[in-house]
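K.L.:
Have a look at this one before I ask anything.
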Amino acid sequence: MASDKDTPSLLGGKLSVINVGLDKFATELADHDVPVVHLDWKPPAGGDPALAALLSKMGA
Amino acid sequence: MDIIEKANEEAIRRMLGAEPVLIDVMPAGDIVPNLEDKMILHAGPPIEWDRMCGPMQGAIAGITVFEGWANDLDQAVTMAASGEIRFDANHHHDAVGPMTGMTTISQPMLVVENRTTGNKSYCAINEGLGKVMRFGGNDAEVLNRLAWIRDVLGPAMGKALRDMGGVELKPLIARGLSMGDEMHQRNVACSGLVLRAIAAAMAKTSDDSIALSEALAFISANDQFHLNIAMAMGKAIMDPVRNIEGSSIVTAMSRNGTDFGIRVSGTGDEWFTAPVEMPEGLYFVGYSEADANPDMGDSTIVETIGLGGFAMGASPAVAGFVGAGAASEAANYTHRMSEICASENPEWTIPSMDYLGVPTGIDVRLVVDSGIAPTINTGIAHREPGIGQVGAGVVRAPMACFEQAVRRLAEKLGIS
């Protein structure tokens, strides 16, 4: 957990970002010349817990 | 789960062990099982007249006139709407058809035999681009071309193929992949290879040099001539994969312009359907998205065997043609499709991807778990009947089909 003391140095330095999930955040950063790697990820089964549980039992 | 893994191993073994050979061209009425007079087979899962899209209804009107069942298009529409014409899905008759996918008794059908299992599959001959019946075209130009295919081209190809003993398709596809085809929206290499394979036999068996010249010129001028051969091949490969208990491998993907449907090995011949999506792509000059019909055709059997959008990496040129991005992005499509497939094909490789085998055996579990829908390269038809192709693009199979299939397979296996 970052403390208030840590925060200024994070935002004050040069950022390198790994973005997970929604690509909008990555494209926004890229538009501002921030180095960013986007990981295209979605919750299993589209976030449907029952379907995800079924898939787990089916070996997915 | 062990039963699913073992069933899928068997499904992949059958897919990779297939030996498809183009052996003949014959009238549909002589060879397509249970095809009868005043019966029209169409693309996609089953659908009734009232729910059909414009191009599908246009093609049905046209083929009804072509077969001589109606004197004109108006009478044909009346007959179709009244139930006088019977409809069924190509897939229910060992057949496939591109876009509207019209199959009727007098049409010459490409015959592909899977020599490993002995089953045969059928597809009509590709008519070329522009105003054609598969895109809903139905005027005199369209019907006259179909009559020439029936009376001249089909018989000439049939004689040649019988004389030469057929064309083995597995090596032809392997070579086509190395020449930049993905066999759905780019078939220029394979069409040329087919022409090279059969031209000599067509000349040998022809007794009419003018007809021969016209037939060879027609094949030469059609970059998509091979698509229909690839489709019949896909059906011949996938039909023996049906009905393996427990298997989660997709055996067919297809769309009728209204619904998208899939079949899965372990759930038999049941269709899982959802509303079909609109392709995203590039339009010919003068047309736009407002003119486009929703996705249509049995041609997704090509993706089902690992080609088309799954083999995009082999065909950087097609990525631009279908509006899928830069040529350098083509490989990403293939990598993504690998994530939803159980295996890869060691005989169909992509040289520019370090000879990676095309992704093979779409597993519905992997599709739903990852949220990655199969990518399909497709032609785009005008939404009004009679106009034809207006563009090409990429469309994704609806996730709902795969979710339904997962639930049904679980039910059959007693998993809850």
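If you're wondering about the labels, chains in the structure tokens are A, B, ... by order shown, residues count from 1 in each chain, ligands from 1 in order shown.
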Which residues, written as a list in words, have at least one atom at most 12 Å from Pro398 in chain B, with only C-alpha atoms counted and residues fewer than 6 positions away on the same chain left out?
P.N.:
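Everything that qualifies: Met253, Ser254, Arg255, Asp259, Phe260, Gly261, Ile262, Phe272, Thr273, Ala274, Pro275, Val276, Glu277, Met278, Pro279, Asp295, Val364, Val367, Val368, Gly371, Ile372, Ala373, Pro374, Thr375, Ile376, Gln404 and Ala405 of chain B.
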K.L.:
Would you please give, as an MDAnalysis selection string, all residues of range 199-355 of chain B that DSSP assigns to strand (DSSP E or B) based on the backbone?
P.N.:
chainID B and resid 249:256 259:264 272:275 280:283 292 296:297 341:350
K.L.:
Counting only C-alpha atoms, a student should be able to say which residues of chain B come within 6 Å of chain A; what is the right answer, written as a ChimeraX atom specification?
P.N.:
/B:1,365,368-370
K.L.:
Give me a file of those residues, with C-alpha atoms, as a CSV table (one decimal), in the first residue's frame.
P.N.:
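Once written, again_28.csv looks like this:
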chain,number,residue,atom,x,y,z
B,1,MET,CA,-12.3,-33.5,-17.6
B,365,ARG,CA,-15.0,-24.3,-23.5
B,368,VAL,CA,-16.4,-19.0,-23.5
B,369,ASP,CA,-13.6,-19.1,-20.9
B,370,SER,CA,-11.4,-16.7,-22.7
K.L.:
Might you pull out every residue within 7 Å of range 231-247 of chain B, with only C-alpha atoms counted and same-chain residues fewer than 3 positions away left off, and present them as a ChimeraX atom specification?
P.N.:
/B:3-4,7-8,11,14-15,18,20,96,112-114,119-123,227-228,251,265-268,299,301-302,305,413
K.L.:
Restricting the output to C-alpha atoms, write the selected residues as an mmCIF file, in the first residue's frame.
P.N.:
data_model
loop_
_atom_site.group_PDB
_atom_site.id
_atom_site.type_symbol
_atom_site.label_atom_id
_atom_site.label_comp_id
_atom_site.auth_asym_id
_atom_site.auth_seq_id
_atom_site.Cartn_x
_atom_site.Cartn_y
_atom_site.Cartn_z
ATOM 1 C CA ILE B 3 -13.924 -37.752 -21.026
ATOM 2 C CA ILE B 4 -13.851 -34.379 -22.775
ATOM 3 C CA ALA B 7 -13.158 -37.116 -26.949
ATOM 4 C CA ASN B 8 -11.385 -34.023 -28.240
ATOM 5 C CA ALA B 11 -11.979 -35.259 -32.838
ATOM 6 C CA ARG B 14 -10.230 -37.348 -37.316
ATOM 7 C CA MET B 15 -9.706 -33.762 -38.496
ATOM 8 C CA ALA B 18 -8.871 -36.529 -43.264
ATOM 9 C CA PRO B 20 -10.122 -34.693 -48.941
ATOM 10 C CA VAL B 96 -22.618 -26.188 -47.988
ATOM 11 C CA VAL B 112 -15.232 -33.737 -52.341
ATOM 12 C CA GLU B 113 -14.610 -37.194 -50.927
ATOM 13 C CA ASN B 114 -12.858 -37.742 -47.626
ATOM 14 C CA ASN B 119 -18.014 -39.579 -46.840
ATOM 15 C CA LYS B 120 -18.730 -37.052 -49.586
ATOM 16 C CA SER B 121 -19.657 -33.372 -49.371
ATOM 17 C CA TYR B 122 -21.064 -30.973 -51.943
ATOM 18 C CA CYS B 123 -20.960 -27.305 -52.898
ATOM 19 C CA LEU B 227 -13.551 -20.864 -52.170
ATOM 20 C CA ASN B 228 -16.371 -23.293 -52.941
ATOM 21 C CA THR B 251 -18.154 -29.168 -36.153
ATOM 22 C CA SER B 265 -19.487 -32.764 -31.759
ATOM 23 C CA GLY B 266 -20.640 -33.876 -28.307
ATOM 24 C CA THR B 267 -24.112 -32.379 -28.707
ATOM 25 C CA GLY B 268 -24.880 -34.081 -32.035
ATOM 26 C CA SER B 299 -18.398 -20.400 -45.774
ATOM 27 C CA ILE B 301 -16.842 -24.037 -42.466
ATOM 28 C CA VAL B 302 -13.463 -22.748 -43.688
ATOM 29 C CA ILE B 305 -11.077 -26.261 -40.110
ATOM 30 C CA LEU B 413 -22.413 -35.098 -19.345
#
K.L.:
Identify, on the basis of only C-alpha atoms, every residue whose closest approach to Leu129 in chain B does not exceed 8 Å; exclude the query and any residue fewer than 2 positions from it along the same chain; express the result as a PDB file with C-alpha atoms, in the first residue's frame.
P.N.:
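Below is the file part_31.pdb, written as the result:
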ATOM      1  CA  GLU B 127     -20.125 -17.753 -59.886  1.00  0.00           C
ATOM      2  CA  LYS B 131     -23.926  -9.394 -59.269  1.00  0.00           C
ATOM      3  CA  VAL B 132     -24.336 -13.110 -58.545  1.00  0.00           C
ATOM      4  CA  ASN B 222     -12.259 -15.682 -60.820  1.00  0.00           C
ATOM      5  CA  GLN B 224     -12.462 -16.789 -55.564  1.00  0.00           C
ATOM      6  CA  GLN B 389     -21.363  -7.801 -53.065  1.00  0.00           C
TER       7      GLN B 389
END
K.L.:
Would you mind telling me which residue in B:Val318, B:Leu41, B:Met296, B:Ala201 lies nearest to Asn256 in chain B when using only C-alpha atoms?
P.N.:
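Among the listed residues, B:Met296 lies closest to Asn256 in chain B.
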K.L.:
Might you pull out every residue within 9 Å of Ile47 in chain B, with only C-alpha atoms counted and same-chain residues fewer than 4 positions away left off, and present them as a ChimeraX atom specification?
P.N.:
/B:42,51-52,87-89,256,258-259
K.L.:
Mind checking DSSP for range 127-223 of chain B and telling me the helix (DSSP H, G or I) residues as a ChimeraX atom specification?
P.N.:
/B:133-135,140-164,169-178,188-205,209-220
K.L.:
Please compute the CA of Gly136 in chain B-CA of Gly297 in chain B distance, one decimal, in Å.
P.N.:
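Here the two named atoms are 11.6 Å from each other.
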K.L.:
Kindly give the distance, in Å, that separates CA of Asp37 in chain B and CA of Arg86 in chain B, rounded to a single decimal.
P.N.:
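Interatomic distance, CA of Asp37 in chain B to CA of Arg86 in chain B: 9.0 Å.
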K.L.:
If we count only C-alpha atoms and set the cut-off at 12 Å, which residues sit around Ile60 in chain B, ignoring sequence neighbours fewer than 4 positions away in its own chain? Please answer as a compact mmCIF listing (two decimals) with all heavy atoms, in the first residue's frame.
P.N.:
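What follows is the written file selection_36.txt:
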# COMPACT_ATOMS: atom_id res chain seq x y z
N LYS B 38 -38.75 -28.91 -56.18
CA LYS B 38 -39.35 -27.78 -55.45
C LYS B 38 -38.85 -27.71 -54.00
O LYS B 38 -39.61 -27.44 -53.06
CB LYS B 38 -40.88 -27.83 -55.50
CG LYS B 38 -41.43 -27.55 -56.89
CD LYS B 38 -42.91 -27.29 -56.87
CE LYS B 38 -43.41 -26.99 -58.28
NZ LYS B 38 -44.85 -26.82 -58.35
N MET B 39 -37.58 -27.99 -53.86
CA MET B 39 -36.93 -27.90 -52.55
C MET B 39 -35.66 -27.07 -52.72
O MET B 39 -34.91 -27.27 -53.67
CB MET B 39 -36.59 -29.30 -52.04
CG MET B 39 -35.99 -29.34 -50.66
SD MET B 39 -35.74 -31.08 -50.20
CE MET B 39 -35.40 -30.92 -48.47
N ILE B 40 -35.45 -26.11 -51.82
CA ILE B 40 -34.27 -25.24 -51.88
C ILE B 40 -33.49 -25.38 -50.58
O ILE B 40 -34.05 -25.20 -49.49
CB ILE B 40 -34.68 -23.76 -52.08
CG1 ILE B 40 -35.40 -23.60 -53.43
CG2 ILE B 40 -33.45 -22.86 -52.02
CD1 ILE B 40 -35.97 -22.20 -53.65
N LEU B 41 -32.21 -25.71 -50.73
CA LEU B 41 -31.32 -25.73 -49.57
C LEU B 41 -30.63 -24.37 -49.50
O LEU B 41 -30.24 -23.80 -50.52
CB LEU B 41 -30.28 -26.83 -49.70
CG LEU B 41 -30.82 -28.24 -50.01
CD1 LEU B 41 -29.68 -29.25 -50.01
CD2 LEU B 41 -31.91 -28.64 -49.02
N HIS B 42 -30.49 -23.85 -48.28
CA HIS B 42 -29.93 -22.52 -48.10
C HIS B 42 -28.80 -22.56 -47.08
O HIS B 42 -28.62 -23.57 -46.36
CB HIS B 42 -31.02 -21.55 -47.60
CG HIS B 42 -31.66 -21.99 -46.33
ND1 HIS B 42 -31.05 -21.86 -45.09
CD2 HIS B 42 -32.86 -22.59 -46.08
CE1 HIS B 42 -31.84 -22.35 -44.16
NE2 HIS B 42 -32.95 -22.81 -44.73
N ALA B 43 -28.07 -21.46 -46.99
CA ALA B 43 -26.98 -21.36 -46.02
C ALA B 43 -27.52 -21.20 -44.61
O ALA B 43 -28.65 -20.72 -44.41
CB ALA B 43 -26.08 -20.17 -46.37
N GLU B 48 -37.29 -19.98 -41.73
CA GLU B 48 -38.50 -19.90 -42.55
C GLU B 48 -38.50 -18.61 -43.37
O GLU B 48 -37.79 -17.65 -43.05
CB GLU B 48 -39.75 -19.97 -41.66
CG GLU B 48 -39.91 -21.31 -40.97
CD GLU B 48 -39.87 -22.48 -41.94
OE1 GLU B 48 -40.56 -22.40 -42.98
OE2 GLU B 48 -39.15 -23.45 -41.68
N TRP B 49 -39.31 -18.60 -44.41
CA TRP B 49 -39.35 -17.50 -45.37
C TRP B 49 -39.50 -16.13 -44.70
O TRP B 49 -38.79 -15.18 -45.03
CB TRP B 49 -40.51 -17.73 -46.35
CG TRP B 49 -40.78 -16.57 -47.27
CD1 TRP B 49 -41.76 -15.63 -47.12
CD2 TRP B 49 -40.06 -16.22 -48.46
NE1 TRP B 49 -41.70 -14.72 -48.14
CE2 TRP B 49 -40.67 -15.05 -48.97
CE3 TRP B 49 -38.96 -16.77 -49.13
CZ2 TRP B 49 -40.22 -14.43 -50.14
CZ3 TRP B 49 -38.51 -16.15 -50.29
CH2 TRP B 49 -39.12 -15.00 -50.77
N MET B 52 -36.32 -14.59 -43.32
CA MET B 52 -35.13 -14.49 -44.19
C MET B 52 -34.84 -13.03 -44.54
O MET B 52 -35.75 -12.21 -44.68
CB MET B 52 -35.36 -15.26 -45.49
CG MET B 52 -35.35 -16.77 -45.32
SD MET B 52 -35.67 -17.57 -46.91
CE MET B 52 -35.76 -19.29 -46.39
N CYS B 53 -33.53 -12.74 -44.70
CA CYS B 53 -33.11 -11.38 -45.09
C CYS B 53 -33.36 -11.15 -46.58
O CYS B 53 -33.67 -12.09 -47.32
CB CYS B 53 -31.64 -11.18 -44.75
SG CYS B 53 -30.53 -12.25 -45.69
N GLY B 54 -33.19 -9.91 -47.01
CA GLY B 54 -33.47 -9.53 -48.39
C GLY B 54 -32.71 -10.34 -49.43
O GLY B 54 -33.32 -10.89 -50.37
N PRO B 55 -31.37 -10.42 -49.32
CA PRO B 55 -30.63 -11.20 -50.32
C PRO B 55 -31.05 -12.67 -50.37
O PRO B 55 -31.10 -13.27 -51.45
CB PRO B 55 -29.18 -11.06 -49.85
CG PRO B 55 -29.14 -9.79 -49.08
CD PRO B 55 -30.48 -9.70 -48.41
N MET B 56 -31.37 -13.25 -49.20
CA MET B 56 -31.79 -14.66 -49.18
C MET B 56 -33.11 -14.81 -49.94
O MET B 56 -33.26 -15.72 -50.77
CB MET B 56 -31.93 -15.15 -47.74
CG MET B 56 -32.29 -16.62 -47.61
SD MET B 56 -30.92 -17.72 -47.97
CE MET B 56 -30.06 -17.74 -46.39
N THR B 64 -35.85 -20.12 -58.00
CA THR B 64 -37.15 -20.71 -58.32
C THR B 64 -37.48 -20.52 -59.80
O THR B 64 -38.00 -21.43 -60.47
CB THR B 64 -38.24 -20.09 -57.42
OG1 THR B 64 -37.90 -20.35 -56.05
CG2 THR B 64 -39.61 -20.67 -57.70
N VAL B 65 -37.15 -19.34 -60.33
CA VAL B 65 -37.33 -19.09 -61.77
C VAL B 65 -36.34 -19.94 -62.56
O VAL B 65 -36.69 -20.55 -63.59
CB VAL B 65 -37.15 -17.59 -62.08
CG1 VAL B 65 -37.16 -17.36 -63.60
CG2 VAL B 65 -38.24 -16.77 -61.41
N PHE B 66 -35.10 -19.98 -62.10
CA PHE B 66 -34.05 -20.74 -62.79
C PHE B 66 -34.46 -22.20 -62.95
O PHE B 66 -34.24 -22.81 -64.01
CB PHE B 66 -32.75 -20.64 -61.99
CG PHE B 66 -31.62 -21.46 -62.55
CD1 PHE B 66 -30.94 -21.04 -63.69
CD2 PHE B 66 -31.25 -22.65 -61.95
CE1 PHE B 66 -29.89 -21.80 -64.21
CE2 PHE B 66 -30.20 -23.42 -62.46
CZ PHE B 66 -29.52 -22.99 -63.59
N GLU B 67 -35.07 -22.77 -61.92
CA GLU B 67 -35.46 -24.18 -61.98
C GLU B 67 -36.75 -24.39 -62.79
O GLU B 67 -37.17 -25.52 -63.01
CB GLU B 67 -35.66 -24.75 -60.56
CG GLU B 67 -34.36 -24.94 -59.78
CD GLU B 67 -33.49 -26.08 -60.33
OE1 GLU B 67 -33.96 -26.81 -61.22
OE2 GLU B 67 -32.34 -26.22 -59.87
N TRP B 69 -39.74 -23.46 -61.86
CA TRP B 69 -40.90 -23.67 -60.98
C TRP B 69 -41.83 -22.46 -61.01
O TRP B 69 -42.98 -22.56 -60.63
CB TRP B 69 -40.44 -23.93 -59.55
CG TRP B 69 -39.55 -25.13 -59.40
CD1 TRP B 69 -39.57 -26.26 -60.18
CD2 TRP B 69 -38.51 -25.31 -58.43
NE1 TRP B 69 -38.59 -27.12 -59.74
CE2 TRP B 69 -37.93 -26.60 -58.67
CE3 TRP B 69 -38.02 -24.55 -57.37
CZ2 TRP B 69 -36.89 -27.11 -57.91
CZ3 TRP B 69 -36.97 -25.07 -56.60
CH2 TRP B 69 -36.41 -26.32 -56.87
N ALA B 70 -41.31 -21.31 -61.43
CA ALA B 70 -42.13 -20.09 -61.56
C ALA B 70 -41.75 -19.39 -62.86
O ALA B 70 -40.63 -19.55 -63.35
CB ALA B 70 -41.87 -19.15 -60.37
N ASP B 72 -41.86 -16.04 -63.31
CA ASP B 72 -41.17 -14.78 -63.04
C ASP B 72 -40.93 -14.64 -61.53
O ASP B 72 -41.39 -15.47 -60.73
CB ASP B 72 -41.96 -13.57 -63.58
CG ASP B 72 -43.38 -13.55 -63.06
OD1 ASP B 72 -43.58 -13.83 -61.85
OD2 ASP B 72 -44.31 -13.24 -63.84
N LEU B 73 -40.22 -13.57 -61.16
CA LEU B 73 -39.83 -13.40 -59.76
C LEU B 73 -41.04 -13.20 -58.85
O LEU B 73 -41.06 -13.69 -57.71
CB LEU B 73 -38.86 -12.22 -59.62
CG LEU B 73 -37.50 -12.39 -60.33
CD1 LEU B 73 -36.69 -11.10 -60.24
CD2 LEU B 73 -36.71 -13.55 -59.74
N ASP B 74 -42.06 -12.47 -59.33
CA ASP B 74 -43.24 -12.23 -58.50
C ASP B 74 -43.95 -13.54 -58.16
O ASP B 74 -44.35 -13.77 -57.02
CB ASP B 74 -44.22 -11.28 -59.21
CG ASP B 74 -43.69 -9.86 -59.25
OD1 ASP B 74 -42.80 -9.54 -58.43
OD2 ASP B 74 -44.15 -9.08 -60.10
N GLN B 75 -44.11 -14.37 -59.18
CA GLN B 75 -44.74 -15.67 -58.93
C GLN B 75 -43.88 -16.52 -57.98
O GLN B 75 -44.40 -17.23 -57.10
CB GLN B 75 -44.95 -16.42 -60.25
CG GLN B 75 -45.73 -17.73 -60.08
CD GLN B 75 -45.78 -18.57 -61.35
OE1 GLN B 75 -45.17 -18.23 -62.38
NE2 GLN B 75 -46.49 -19.68 -61.29
N ALA B 76 -42.57 -16.41 -58.15
CA ALA B 76 -41.66 -17.17 -57.28
C ALA B 76 -41.83 -16.75 -55.82
O ALA B 76 -41.86 -17.60 -54.92
CB ALA B 76 -40.22 -16.94 -57.73
N VAL B 77 -41.93 -15.45 -55.58
CA VAL B 77 -42.09 -14.95 -54.21
C VAL B 77 -43.40 -15.46 -53.61
O VAL B 77 -43.46 -15.90 -52.45
CB VAL B 77 -42.04 -13.41 -54.18
CG1 VAL B 77 -42.51 -12.87 -52.85
CG2 VAL B 77 -40.61 -12.94 -54.49
N THR B 78 -44.46 -15.44 -54.42
CA THR B 78 -45.77 -15.93 -53.95
C THR B 78 -45.68 -17.41 -53.57
O THR B 78 -46.18 -17.83 -52.52
CB THR B 78 -46.84 -15.75 -55.05
OG1 THR B 78 -46.88 -14.37 -55.39
CG2 THR B 78 -48.20 -16.21 -54.57
N MET B 79 -45.00 -18.18 -54.41
CA MET B 79 -44.85 -19.62 -54.13
C MET B 79 -44.04 -19.85 -52.85
O MET B 79 -44.39 -20.69 -52.02
CB MET B 79 -44.14 -20.31 -55.31
CG MET B 79 -44.98 -20.43 -56.56
SD MET B 79 -44.02 -21.09 -57.94
CE MET B 79 -43.78 -22.78 -57.41
N ALA B 80 -42.96 -19.08 -52.72
CA ALA B 80 -42.09 -19.27 -51.54
C ALA B 80 -42.84 -18.91 -50.26
O ALA B 80 -42.74 -19.62 -49.25
CB ALA B 80 -40.84 -18.42 -51.69
N ALA B 81 -43.59 -17.83 -50.31
CA ALA B 81 -44.30 -17.37 -49.11
C ALA B 81 -45.46 -18.28 -48.76
O ALA B 81 -45.86 -18.36 -47.58
CB ALA B 81 -44.79 -15.93 -49.33
N ILE B 85 -42.82 -23.99 -51.89
CA ILE B 85 -41.40 -24.37 -51.98
C ILE B 85 -40.94 -24.78 -50.58
O ILE B 85 -41.20 -24.08 -49.61
CB ILE B 85 -40.54 -23.18 -52.45
CG1 ILE B 85 -41.06 -22.60 -53.76
CG2 ILE B 85 -39.06 -23.58 -52.54
CD1 ILE B 85 -40.82 -23.44 -54.97
N ARG B 86 -40.25 -25.90 -50.51
CA ARG B 86 -39.74 -26.33 -49.20
C ARG B 86 -38.30 -25.86 -49.01
O ARG B 86 -37.50 -25.86 -49.95
CB ARG B 86 -39.80 -27.85 -49.08
CG ARG B 86 -41.21 -28.34 -48.77
CD ARG B 86 -41.21 -29.83 -48.53
NE ARG B 86 -40.77 -30.53 -49.73
CZ ARG B 86 -40.20 -31.73 -49.71
NH1 ARG B 86 -39.99 -32.35 -48.56
NH2 ARG B 86 -39.85 -32.32 -50.83
N PHE B 87 -37.97 -25.49 -47.79
CA PHE B 87 -36.61 -25.02 -47.48
C PHE B 87 -35.96 -25.95 -46.45
O PHE B 87 -36.63 -26.50 -45.59
CB PHE B 87 -36.66 -23.61 -46.87
CG PHE B 87 -37.36 -22.60 -47.74
CD1 PHE B 87 -38.50 -21.95 -47.29
CD2 PHE B 87 -36.90 -22.32 -49.01
CE1 PHE B 87 -39.15 -21.03 -48.09
CE2 PHE B 87 -37.54 -21.41 -49.83
CZ PHE B 87 -38.68 -20.76 -49.36
N ASP B 88 -34.65 -26.05 -46.57
CA ASP B 88 -33.89 -26.75 -45.53
C ASP B 88 -32.45 -26.25 -45.58
O ASP B 88 -32.03 -25.61 -46.55
CB ASP B 88 -33.94 -28.27 -45.75
CG ASP B 88 -33.60 -29.06 -44.48
OD1 ASP B 88 -33.41 -28.42 -43.41
OD2 ASP B 88 -33.51 -30.29 -44.55
N THR B 100 -25.84 -16.73 -49.72
CA THR B 100 -27.21 -17.26 -49.64
C THR B 100 -27.22 -18.79 -49.74
O THR B 100 -28.12 -19.44 -49.21
CB THR B 100 -28.11 -16.68 -50.74
OG1 THR B 100 -27.53 -16.96 -52.01
CG2 THR B 100 -28.28 -15.18 -50.56
N GLY B 101 -26.24 -19.35 -50.46
CA GLY B 101 -26.03 -20.80 -50.46
C GLY B 101 -27.09 -21.62 -51.16
O GLY B 101 -27.41 -22.73 -50.72
N MET B 102 -27.62 -21.13 -52.26
CA MET B 102 -28.71 -21.85 -52.94
C MET B 102 -28.26 -23.19 -53.52
O MET B 102 -27.29 -23.26 -54.28
CB MET B 102 -29.24 -20.98 -54.10
CG MET B 102 -29.85 -19.65 -53.68
SD MET B 102 -31.42 -19.82 -52.78
CE MET B 102 -30.88 -19.67 -51.09
N THR B 103 -28.96 -24.25 -53.14
CA THR B 103 -28.74 -25.57 -53.74
C THR B 103 -30.08 -26.13 -54.19
O THR B 103 -31.00 -26.26 -53.38
CB THR B 103 -28.10 -26.54 -52.72
OG1 THR B 103 -26.87 -25.98 -52.23
CG2 THR B 103 -27.81 -27.89 -53.36
N THR B 104 -30.17 -26.43 -55.49
CA THR B 104 -31.40 -27.03 -56.06
C THR B 104 -31.00 -28.13 -57.03
O THR B 104 -29.83 -28.26 -57.39
CB THR B 104 -32.24 -25.97 -56.80
OG1 THR B 104 -31.38 -25.24 -57.68
CG2 THR B 104 -32.90 -25.02 -55.82
N MET B 133 -25.86 -14.81 -57.76
CA MET B 133 -26.96 -15.29 -56.93
C MET B 133 -26.58 -15.44 -55.46
O MET B 133 -27.41 -15.25 -54.58
CB MET B 133 -27.50 -16.61 -57.46
CG MET B 133 -28.67 -17.13 -56.65
SD MET B 133 -29.73 -18.23 -57.54
CE MET B 133 -30.58 -17.11 -58.64
N ARG B 134 -25.34 -15.76 -55.19
CA ARG B 134 -25.01 -15.98 -53.78
C ARG B 134 -25.15 -14.69 -52.97
O ARG B 134 -25.29 -14.72 -51.76
CB ARG B 134 -23.63 -16.60 -53.62
CG ARG B 134 -22.44 -15.72 -53.89
CD ARG B 134 -21.14 -16.48 -53.59
NE ARG B 134 -19.97 -15.64 -53.75
CZ ARG B 134 -19.39 -15.36 -54.91
NH1 ARG B 134 -19.90 -15.83 -56.03
NH2 ARG B 134 -18.32 -14.59 -54.96
N PHE B 135 -25.10 -13.54 -53.65
CA PHE B 135 -25.33 -12.27 -52.96
C PHE B 135 -26.77 -11.77 -53.17
O PHE B 135 -27.05 -10.60 -52.90
CB PHE B 135 -24.33 -11.22 -53.44
CG PHE B 135 -22.93 -11.44 -52.94
CD1 PHE B 135 -21.97 -11.99 -53.76
CD2 PHE B 135 -22.59 -11.14 -51.63
CE1 PHE B 135 -20.67 -12.22 -53.29
CE2 PHE B 135 -21.30 -11.37 -51.16
CZ PHE B 135 -20.34 -11.91 -51.99
N GLY B 136 -27.63 -12.59 -53.68
CA GLY B 136 -29.03 -12.22 -53.84
C GLY B 136 -29.39 -11.74 -55.24
O GLY B 136 -30.52 -11.37 -55.50
N GLY B 137 -28.43 -11.75 -56.17
CA GLY B 137 -28.71 -11.35 -57.56
C GLY B 137 -29.66 -12.34 -58.21
O GLY B 137 -29.57 -13.54 -57.99
N ASN B 138 -30.58 -11.82 -59.04
CA ASN B 138 -31.58 -12.73 -59.64
C ASN B 138 -32.07 -12.29 -61.01
O ASN B 138 -33.11 -12.75 -61.46
CB ASN B 138 -32.75 -12.93 -58.68
CG ASN B 138 -33.43 -11.61 -58.30
OD1 ASN B 138 -33.26 -10.59 -58.99
ND2 ASN B 138 -34.18 -11.63 -57.21
N PRO B 385 -32.11 -7.29 -52.24
CA PRO B 385 -31.84 -8.37 -53.17
C PRO B 385 -31.47 -7.85 -54.56
O PRO B 385 -31.95 -6.80 -54.98
CB PRO B 385 -33.17 -9.14 -53.22
CG PRO B 385 -34.19 -8.19 -52.74
CD PRO B 385 -33.51 -7.24 -51.80
N GLY B 386 -30.61 -8.58 -55.24
CA GLY B 386 -30.34 -8.28 -56.65
C GLY B 386 -29.17 -7.37 -56.91
O GLY B 386 -28.85 -7.11 -58.07
K.L.:
Between CA of Asn293 in chain B and CA of His92 in chain B, measure the distance and give it in Å to one decimal.
P.N.:
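Calculated distance between CA of Asn293 in chain B and CA of His92 in chain B is 24.4 Å.
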K.L.:
Which residue out of B:Ile12, B:Met312, B:Met202, B:Ile149 has the minimum interatomic distance to Ala327 in chain B when only C-alpha atoms are used?
P.N.:
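The closest residue to Ala327 in chain B is B:Met312.
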